[in-house]
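Structure record follows, encoded as structure tokens.
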Amino acid sequence: MIREVCVIIAAKNAAQTIGRAVSSALQQPETNEVIVVDDGSTDDTAGAARAAADDSDRLKILRFDENRGPAAARNEAIRASHSPILGILDADDFLLPGRFERMLAETDWDFIADNIVFVDEARAAKGQLEIPEIAPQPRLLDLNGFIEGNISRRGAQRGEVGFLKPLIRREFLDCNELRYHEQLRLGEDYDLYARALAHGARYKIIHSCGYGAVVRGNSLSSSHRTEDLRRLYEADRAILAQPGLSRQERALIERHERHIRARYELRHFLDLKNQHGKGRALAYAATHPAALPAIVGGILLDKTDRFRRKAAAPAALGGTGAVRYLLASPAGSSR
């Protein structure tokens, strides 16, 4: 067994959960280093991370005096690391035992991601999850499938493949001069993975589950800023400016850009209404006719949402439904 994985944890005000994240990373035998970047926390995130260290000297803690966002924090960790494989772990999530062993058993990949199970804090705090063993059934994800898998649909549970937390070969990032775009505070993972796929990355997915994502209340809802949406659709436009995209790839990225831009236009209209009054918002709509379909359509959908039939909420979201996985398991894959 060779330790070759650097686990990167960007953390802001995560003192209550960072210890669990760090411990789960250190418990993976393949972990060579864990780098926590305290991104301008006002609590004792760094101290809580330090308290979770074992005696292996694999934990390193870096700190930003001011919050710079997860993209900047992850880039800083990449600069400070020296392992050939990089893995992202959110500060309130955790890794399940045997995760890296299963992933590293696969070959021929630049990115490899496994399934995610969504759980609530009470279940995560118990320390052990009974996750059924699922056959890996590996498959390659191309740029078309990735983009299409990141366009959410109203009324459906969010499950964008951009949420996946792959292991990444540093060599591929370095050879293609790829890093996170630090101006993004929403969709920074999506943007990096899309650009990597546009550069020819082999992105493998396995259906076995090794990542636990803790869901709190509305943590999967739209808590981002309107400006973040604008920066995300501009990131799509930057990808579209790259040469070599196929007609289908270009069409799908344009579709994703329109999807994000529509969300931005609706949010921007509502911001103007709330901050400056209805007249200012209507004046914006009148002078931006291209935004009208998104504004009118979004408002109508919101008004009629209560009449739609909703699926039972999964247990992780406070409902009575079953524990939810991000990737639907292929038929007959459990063993």
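Residues are referred to by chain and number: the chain letter is A, B, ... according to the order shown in the structure tokens, the number counts from 1 in that chain, and ligands are numbered separately from 1 in the order shown.
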Point to revise | All residues 12 Å or closer to Arg267 in chain A, only C-alpha atoms, same chain fewer than 6 positions away omitted, as a ChimeraX atom specification | key: /A:222-230,260-261,273-275,281,291,294-296,298-299
Check your understanding: Can you tell me, as a list in words, what residues are no more than 12 Å from Glu148 in chain A when counting only C-alpha atoms, ignoring any on the same chain fewer than 2 positions away?
Key -> Leu141, Asp142, Leu143, Asn144, Gly145, Phe146, Asn150, Ile151, Ser152, Arg153, Gly159, Glu160, Val161, Gly162, Tyr190, Ala194, Gln248, Glu249, Arg250, Ala251, Leu252, Ile253, Glu254, Arg255, His256, Glu257 and His259 of chain A
Check your understanding: Would you give me, as a PyMOL selection string, the residues in range 1-125 of chain A that DSSP reads as helix (DSSP H, G or I)?
Key -> chain A and resi 18-26+45-51+70-80+99-104+121-125
Practice item. Show which residues sit within 10 Å of Gly187 in chain A, as a PyMOL selection string. Count only C-alpha atoms, and ignore same-chain residues fewer than 2 positions away. Key: chain A and resi 71+150+162-163+181+184-185+189-193+228-229+231-233+235
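Those residues in range 114-211 of chain A carrying a DSSP assignment of strand (DSSP E or B), computed from the backbone, are Asp114, Asn115, Ile116, Val117, Phe118, Val119, Ile134, Arg139, Leu140, Leu141, Leu167, Ile168, Arg169, Tyr203, Lys204, Ile205, Ile206, His207, Ser208, Cys209, Gly210 and Tyr211 of chain A.
Note that the spacing between CA of Arg258 in chain A and CA of Pro243 in chain A amounts to 20.1 Å.
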Review point. If we count only C-alpha atoms, what is near Glu121 in chain A at a cut-off of 10 Å, once residues fewer than 2 positions away on the same chain are taken out, given as a ChimeraX atom specification?
Key: /A:17,92-93,118-119,123-126,213-216,316
Residues as selected, N, CA, C and O atoms, written as a compact mmCIF listing (two decimals), in the first residue's frame, can you do that?
# COMPACT_ATOMS: atom_id res chain seq x y z
N THR A 17 -17.65 20.54 12.89
CA THR A 17 -17.63 19.36 12.02
C THR A 17 -16.25 19.01 11.46
O THR A 17 -16.04 17.90 10.97
N ASP A 92 -17.89 19.79 6.31
CA ASP A 92 -18.94 19.17 7.11
C ASP A 92 -19.29 17.77 6.63
O ASP A 92 -20.25 17.17 7.11
N ASP A 93 -18.51 17.23 5.69
CA ASP A 93 -18.74 15.89 5.17
C ASP A 93 -17.70 14.92 5.73
O ASP A 93 -16.85 15.30 6.53
N PHE A 118 -26.39 11.04 1.03
CA PHE A 118 -26.80 12.23 1.78
C PHE A 118 -27.43 11.80 3.10
O PHE A 118 -28.38 10.99 3.11
N VAL A 119 -26.92 12.33 4.18
CA VAL A 119 -27.43 11.97 5.51
C VAL A 119 -27.64 13.24 6.33
O VAL A 119 -27.09 14.29 6.02
N ARG A 123 -27.59 11.26 11.99
CA ARG A 123 -27.09 9.99 11.50
C ARG A 123 -25.57 10.03 11.35
O ARG A 123 -24.88 9.07 11.66
N ALA A 124 -25.04 11.16 10.87
CA ALA A 124 -23.59 11.28 10.70
C ALA A 124 -22.88 11.24 12.04
O ALA A 124 -21.78 10.71 12.15
N ALA A 125 -23.50 11.83 13.09
CA ALA A 125 -22.87 11.90 14.40
C ALA A 125 -22.72 10.53 15.06
O ALA A 125 -21.89 10.37 15.97
N LYS A 126 -23.47 9.56 14.61
CA LYS A 126 -23.36 8.22 15.20
C LYS A 126 -22.02 7.57 14.87
O LYS A 126 -21.61 6.64 15.54
N ALA A 213 -22.25 13.01 2.59
CA ALA A 213 -22.54 14.45 2.57
C ALA A 213 -23.62 14.74 3.59
O ALA A 213 -24.71 14.15 3.55
N VAL A 214 -23.33 15.65 4.50
CA VAL A 214 -24.26 15.98 5.57
C VAL A 214 -25.15 17.13 5.11
O VAL A 214 -24.67 18.18 4.70
N VAL A 215 -26.45 16.91 5.19
CA VAL A 215 -27.44 17.89 4.73
C VAL A 215 -28.07 18.54 5.95
O VAL A 215 -28.54 17.85 6.85
N ARG A 216 -28.09 19.86 5.94
CA ARG A 216 -28.71 20.60 7.04
C ARG A 216 -29.77 21.52 6.48
O ARG A 216 -29.46 22.45 5.75
N ALA A 316 -32.58 12.49 4.89
CA ALA A 316 -31.54 13.48 5.12
C ALA A 316 -32.07 14.90 5.06
O ALA A 316 -31.44 15.82 5.57
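If you look at CA of Pro166 in chain A and CA of Ile8 in chain A, they are 11.6 Å away from each other.
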Extract, using only C-alpha atoms, all DNA, RNA and protein residues at most 6 Å from range 19-27 of chain A, discarding same-chain residues fewer than 3 positions from it, and format them as a CSV table (one decimal) with N, CA and C atoms, in the first residue's frame.
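As a result, out_8.csv now contains:
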chain,number,residue,atom,x,y,z
A,48,ALA,N,-9.9,23.0,16.1
A,48,ALA,CA,-10.7,21.8,16.1
A,48,ALA,C,-10.1,20.8,15.1
A,49,ALA,N,-9.6,21.3,14.0
A,49,ALA,CA,-8.9,20.5,13.0
A,49,ALA,C,-7.6,19.9,13.6
A,52,ALA,N,-7.9,16.9,15.9
A,52,ALA,CA,-8.2,15.6,15.2
A,52,ALA,C,-7.0,14.9,14.6
A,91,ALA,N,-15.9,20.5,4.5
A,91,ALA,CA,-15.6,20.5,5.9
A,91,ALA,C,-16.7,19.9,6.8
A,93,ASP,N,-18.5,17.2,5.7
A,93,ASP,CA,-18.7,15.9,5.2
A,93,ASP,C,-17.7,14.9,5.7
A,94,PHE,N,-17.7,13.7,5.2
A,94,PHE,CA,-16.8,12.7,5.8
A,94,PHE,C,-16.6,11.6,4.7
A,95,LEU,N,-15.5,10.8,4.9
A,95,LEU,CA,-15.2,9.7,4.0
A,95,LEU,C,-15.6,8.4,4.7
Exercise for review: Record the distance separating CA of Ala201 in chain A and CA of Leu167 in chain A, expressed in Å with one decimal.
Suggested key: 12.5 Å
**Study point:** Closest of A:Ile2, A:Leu129, A:Asp44, A:Arg247 to Ser83 in chain A - atom-to-atom distances counting only C-alpha atoms
**Key:**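 Using only C-alpha atoms, the shortest distance to Ser83 in chain A belongs to A:Ile2.
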Practice item. List the neighbours of Arg202 in chain A out to 7 Å using only C-alpha atoms; skip same-chain residues closer than 4 positions along the sequence, and give me the result as an MDAnalysis selection string. Key: chainID A and resid 109:111 140
Just-selected residues, all heavy atoms written as a PDB file, in the first residue's frame:
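Saved to selection-v8.pdb:
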ATOM      1  N   TRP A 109      -7.683   6.502 -15.645  1.00  0.00           N
ATOM      2  CA  TRP A 109      -8.493   7.683 -15.343  1.00  0.00           C
ATOM      3  C   TRP A 109      -7.596   8.866 -15.002  1.00  0.00           C
ATOM      4  O   TRP A 109      -6.463   8.702 -14.554  1.00  0.00           O
ATOM      5  CB  TRP A 109      -9.457   7.403 -14.187  1.00  0.00           C
ATOM      6  CG  TRP A 109      -8.806   6.881 -12.927  1.00  0.00           C
ATOM      7  CD1 TRP A 109      -8.634   5.574 -12.575  1.00  0.00           C
ATOM      8  CD2 TRP A 109      -8.225   7.660 -11.856  1.00  0.00           C
ATOM      9  NE1 TRP A 109      -7.978   5.484 -11.359  1.00  0.00           N
ATOM     10  CE2 TRP A 109      -7.722   6.745 -10.901  1.00  0.00           C
ATOM     11  CE3 TRP A 109      -8.086   9.031 -11.615  1.00  0.00           C
ATOM     12  CZ2 TRP A 109      -7.101   7.166  -9.722  1.00  0.00           C
ATOM     13  CZ3 TRP A 109      -7.454   9.449 -10.443  1.00  0.00           C
ATOM     14  CH2 TRP A 109      -6.974   8.523  -9.518  1.00  0.00           C
ATOM     15  N   ASP A 110      -8.133  10.053 -15.243  1.00  0.00           N
ATOM     16  CA  ASP A 110      -7.529  11.294 -14.764  1.00  0.00           C
ATOM     17  C   ASP A 110      -8.334  11.850 -13.594  1.00  0.00           C
ATOM     18  O   ASP A 110      -7.783  12.485 -12.700  1.00  0.00           O
ATOM     19  CB  ASP A 110      -7.467  12.327 -15.898  1.00  0.00           C
ATOM     20  CG  ASP A 110      -6.701  11.805 -17.098  1.00  0.00           C
ATOM     21  OD1 ASP A 110      -5.523  11.478 -16.936  1.00  0.00           O
ATOM     22  OD2 ASP A 110      -7.295  11.726 -18.197  1.00  0.00           O
ATOM     23  N   PHE A 111      -9.651  11.616 -13.641  1.00  0.00           N
ATOM     24  CA  PHE A 111     -10.567  11.922 -12.550  1.00  0.00           C
ATOM     25  C   PHE A 111     -11.348  10.638 -12.280  1.00  0.00           C
ATOM     26  O   PHE A 111     -11.744   9.943 -13.221  1.00  0.00           O
ATOM     27  CB  PHE A 111     -11.576  13.008 -12.943  1.00  0.00           C
ATOM     28  CG  PHE A 111     -11.001  14.388 -13.104  1.00  0.00           C
ATOM     29  CD1 PHE A 111     -10.059  14.666 -14.090  1.00  0.00           C
ATOM     30  CD2 PHE A 111     -11.413  15.428 -12.274  1.00  0.00           C
ATOM     31  CE1 PHE A 111      -9.539  15.938 -14.247  1.00  0.00           C
ATOM     32  CE2 PHE A 111     -10.894  16.706 -12.429  1.00  0.00           C
ATOM     33  CZ  PHE A 111      -9.952  16.956 -13.413  1.00  0.00           C
ATOM     34  N   LEU A 140     -17.236   5.676 -18.130  1.00  0.00           N
ATOM     35  CA  LEU A 140     -16.579   6.948 -18.413  1.00  0.00           C
ATOM     36  C   LEU A 140     -17.630   8.019 -18.672  1.00  0.00           C
ATOM     37  O   LEU A 140     -18.629   7.775 -19.354  1.00  0.00           O
ATOM     38  CB  LEU A 140     -15.635   6.820 -19.610  1.00  0.00           C
ATOM     39  CG  LEU A 140     -14.327   6.061 -19.358  1.00  0.00           C
ATOM     40  CD1 LEU A 140     -13.550   5.917 -20.654  1.00  0.00           C
ATOM     41  CD2 LEU A 140     -13.481   6.769 -18.296  1.00  0.00           C
TER      42      LEU A 140
END
